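Everything on this sheet refers to the single structure shown next.
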Amino acid sequence: MKTPQTPIFIFEKKKLEQNYKELENLCKKYFSSFKIAYSVKTNSNKEVIKVLGKLGSNFEIASQEEIKLIPKTFTVFNSPAKTQEELKTALKNKFLINIDSISEIDKISRIIKNKKIQAGLRISISDSKFGIEDSKIEQAIEYANSKGIEIVCLHLHQGTQVNLKEYEENLIIFENIVERLSKNNKAKLKYLDIGGGLPDKQQLKNLSLSLNNYLEVISKHLSKFNKTIILEPGRSLVSDSFYLLTKVITIKENFNKTYAILDAGINLLPKITLASYKYTPYNHVAQDVKNGLVINNNPQKEYLLAGPLLFSNDILGKFQGNLQEGDLIKVENVGAYCYNLAWEISYKKPKII
């Protein structure tokens with residue numbers, strides 16, 4: 001086998017297709033009407049967009065740059081800082097704009113000039129910079145109506161890698177808000193948008209749960225409203241559909257620790273992604289072969305996996321095994337945010353193949 005140039009990201013198309021179809025089938029099981037809108041910010045690689053587009057996915061975007069990447073289909077536009085130019089593009093293309101502030105209502109009003117449109121409203125159930133807080137939702141809806149904007153969607157973003165208990169607690173709050181708005185006739189809703197929160201496969205394994213558990217609680221609390229459910233999955237679709245190959249450049253003993261210094265570090269595997277990376281040997285450069293099996297006879301030991309950057313915090317984690325300089329390490333679960341957040345400091349971004 002020819003040793004590939006490292007570091008390099010490998011895209012597994014079949015895994016992405018499998019993940020999308022699994023989610024789609026669960027949606028069919030639990031919802032009479034639904035839309036899957038892939039979160040483009042999670043991984044905006046053109047091949048990912050192409051594969052999902054062919055599978056029938058819709059998209060969720062957050063900027064003008066992301067608008068350029070997606071095919072013409074049902075699109076959700078979320079951002080706390082939508083510019084006038086972005087809003088004009090979104091309105092022209094009939095995107096579902098989830099309004100994030102009173103200021104945004106005014107921006108849209110200046111564009112539509114007394115015309116009537118439909119939009120969504122992002123609500124916030126905790127202290128954050130996003131959305132409209134609970135006590136001001138009715139006021140925001142009335143103000144939007146006065147500007148010719150009919151609110152037809154409520155959007156709740158769950159965060160990322162949310163455990164099932166917190167996920168359901170948030171849904172109960174959301175359910176109560178929808179019931180309240182239904183009773184006081186403040187909004188004629190068509191959509192309930194549950195953005196984010198679905199864990200990736202590795203996190204589901206850690207929690208001893210499955211994607212089915214999350215779709216089941218959405219159905220439990222929201223199906224009674226007979227609205228179209230919008231999901232905005234990102235990491236649950238792409239996390240395990242990419243892996244990274246990195247090479248051991250140096251092994252050294254320092255302060256009674258053994259370091260394996262790789263050609264990829266926190267520049268490609270930042271902690272901000274909140275992903276659990278899995279490290280496994282991909283091959284060994286020095287090896288014995290017996291009965292077709294690759295054997296490395298060095299004793300197992302603990303290594304601190306470190307990156308090549310000139311930062312003391314460029315430490316990826318620990319690895320138990322035996323490594324030699326030149327060995328390749330396969331890093332799994334890197335499909336969410338790793339490429340999009342990769343730093344070009346000292347090194348260029350790796351290729352994706």
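Ligands are numbered from 1 in the order shown, residues from 1 within each chain, and chains are lettered A, B, ... in the order they appear in the structure tokens.
Excluding Gly56 in chain A itself and any same-chain residue fewer than 5 positions from it, the protein and nucleic acid residues within 12 Å of it, counting only C-alpha atoms, are Glu17, Tyr20, Lys21, Glu24, Lys35, Ile36, Ala37, Tyr38, Ile49, Lys50, Val51, Pro71, Lys72, Thr73 and Phe74 of chain A.
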With a cut-off of 12 Å, could you pull out the residues of range 210-298 of chain A touching range 162-167 of chain A and give me the nearest pair of atoms for each, distance in Å to one decimal, using only C-alpha atoms, ordered by chain and ascending number, as CSV?
```
residue,atom,partner,partner_atom,distance
A:Ser210,CA,A:Leu164,CA,10.0
A:Leu211,CA,A:Leu164,CA,10.1
A:Asn212,CA,A:Leu164,CA,11.0
A:Asn213,CA,A:Leu164,CA,7.8
A:Tyr214,CA,A:Leu164,CA,6.8
A:Leu215,CA,A:Leu164,CA,10.4
A:Glu216,CA,A:Leu164,CA,10.7
A:Val217,CA,A:Tyr167,CA,8.5
A:Ile218,CA,A:Tyr167,CA,9.0
A:His221,CA,A:Tyr167,CA,11.4
A:Arg235,CA,A:Val162,CA,11.8
A:Ser236,CA,A:Val162,CA,11.6
A:Leu274,CA,A:Val162,CA,10.9
```
Please dump the current selection as a compact mmCIF listing (two decimals), in the first residue's frame; keep C-alpha atoms.
```
# COMPACT_ATOMS: atom_id res chain seq x y z
CA SER A 210 -30.02 5.66 20.03
CA LEU A 211 -31.34 8.29 17.64
CA ASN A 212 -34.74 6.63 18.04
CA ASN A 213 -34.90 7.82 21.67
CA TYR A 214 -34.62 11.47 20.60
CA LEU A 215 -37.14 11.25 17.76
CA GLU A 216 -39.54 9.49 20.11
CA VAL A 217 -39.53 12.36 22.64
CA ILE A 218 -40.00 14.95 19.88
CA HIS A 221 -44.42 16.35 22.90
CA ARG A 235 -23.06 16.25 13.51
CA SER A 236 -25.50 13.32 13.75
CA LEU A 274 -17.18 18.88 21.48
```
Subject >> All strand (DSSP E or B) positions in range 13-74 of chain A, as a PyMOL selection string >> reply: chain A and resi 34-39+58-61
Within 12 Å of range 83-106 of chain A, which residues of range 176-249 of chain A show up? Give each one with its shortest atom-to-atom distance in Å (one decimal) and the two atoms involved, counting only C-alpha atoms, rows by chain then rising residue number, as CSV.
```
residue,atom,partner,partner_atom,distance
A:Lys190,CA,A:Leu96,CA,11.3
A:Tyr191,CA,A:Leu96,CA,9.9
A:Leu192,CA,A:Asn98,CA,11.1
A:Asp193,CA,A:Asn98,CA,9.3
A:Ile194,CA,A:Asn98,CA,11.8
A:Gly195,CA,A:Asn98,CA,11.0
A:Ile230,CA,A:Leu96,CA,11.0
```
Include C-alpha atoms and write out the residues we just selected as an mmCIF file, in the first residue's frame.
```
data_model
loop_
_atom_site.group_PDB
_atom_site.id
_atom_site.type_symbol
_atom_site.label_atom_id
_atom_site.label_comp_id
_atom_site.auth_asym_id
_atom_site.auth_seq_id
_atom_site.Cartn_x
_atom_site.Cartn_y
_atom_site.Cartn_z
ATOM 1 C CA LYS A 190 -47.171 25.729 10.050
ATOM 2 C CA TYR A 191 -43.757 24.603 11.294
ATOM 3 C CA LEU A 192 -42.099 23.625 14.563
ATOM 4 C CA ASP A 193 -38.345 23.813 14.036
ATOM 5 C CA ILE A 194 -36.219 21.770 16.441
ATOM 6 C CA GLY A 195 -32.693 22.854 15.585
ATOM 7 C CA ILE A 230 -38.241 20.651 10.932
#
```
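Ranking A:Lys68, A:Lys349, A:Ala187, A:Gln139 by their shortest atom-to-atom distance to Gly120 in chain A, with only C-alpha atoms included, puts A:Ala187 first.
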**OP:** Enumerate, as a PyMOL selection string, the complete set of residues in range 105-337 of chain A that a backbone-based DSSP assignment places in alpha helix (DSSP H).
**Re:** chain A and resi 105-112+137-146+164-183+201-207+211-222+235-238
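For range 3-16 of chain A, the list of residues within 7 Å, based on only C-alpha atoms and with local chain neighbours fewer than 5 positions off taken out, reads Leu237, Val238, Ser241, Phe242, Tyr243, Leu244, Leu245, Thr246, Lys247, Asp263, Ala264, Pro350, Lys351, Ile352 and Ile353 of chain A.
Using only C-alpha atoms for every distance, the candidate list A:Ile177, A:Asn19, A:Cys153, A:Leu310 yields A:Ile177 as the residue closest to Ile137 in chain A.
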Original post:
So which residues touch Leu316 in chain A within 7 Å, counting only C-alpha atoms, skipping near sequence neighbours fewer than 5 positions away, as a ChimeraX atom specification?
Top reply: /A:265-266,305-306
Take the residues just selected and output them with C-alpha atoms as a JSON list (two decimals), in the first residue's frame.
```
[["chain", "number", "residue", "atom", "x", "y", "z"],
["A", 265, "GLY", "CA", -2.96, 18.68, 16.35],
["A", 266, "ILE", "CA", -5.54, 21.09, 17.73],
["A", 305, "LEU", "CA", -0.65, 12.32, 21.58],
["A", 306, "ALA", "CA", 0.56, 15.81, 20.75]]
```
**OP:** Have a look at CA of Thr228 in chain A and CA of Val152 in chain A and let me know their distance in Å, one decimal.
**Re:** 10.6 Å
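Residues surrounding Ile272 in chain A within 9 Å are Leu269, Ala275, Tyr337 and Leu341 of chain A [only C-alpha atoms; sequence separation below 3 positions excluded].
Residue nearest Gly159 in chain A within the list A:Asn226, A:Leu121, A:Ser109, A:Gly234: A:Gly234 [criterion: smallest interatomic distance, only C-alpha atoms].
The residue that comes closest to Glu133 in chain A, out of A:Leu309, A:Leu204, A:Leu156, A:Ile149 and on the basis of only C-alpha atoms, is A:Leu156.
With only C-alpha atoms as the atoms that count, the minimum distance from Glu302 in chain A to the choices A:Glu253, A:Glu344, A:Asp314, A:Asp327 is reached by A:Glu253.
Atom to atom, CA of Asp200 in chain A and CA of Thr273 in chain A stand 11.6 Å apart.
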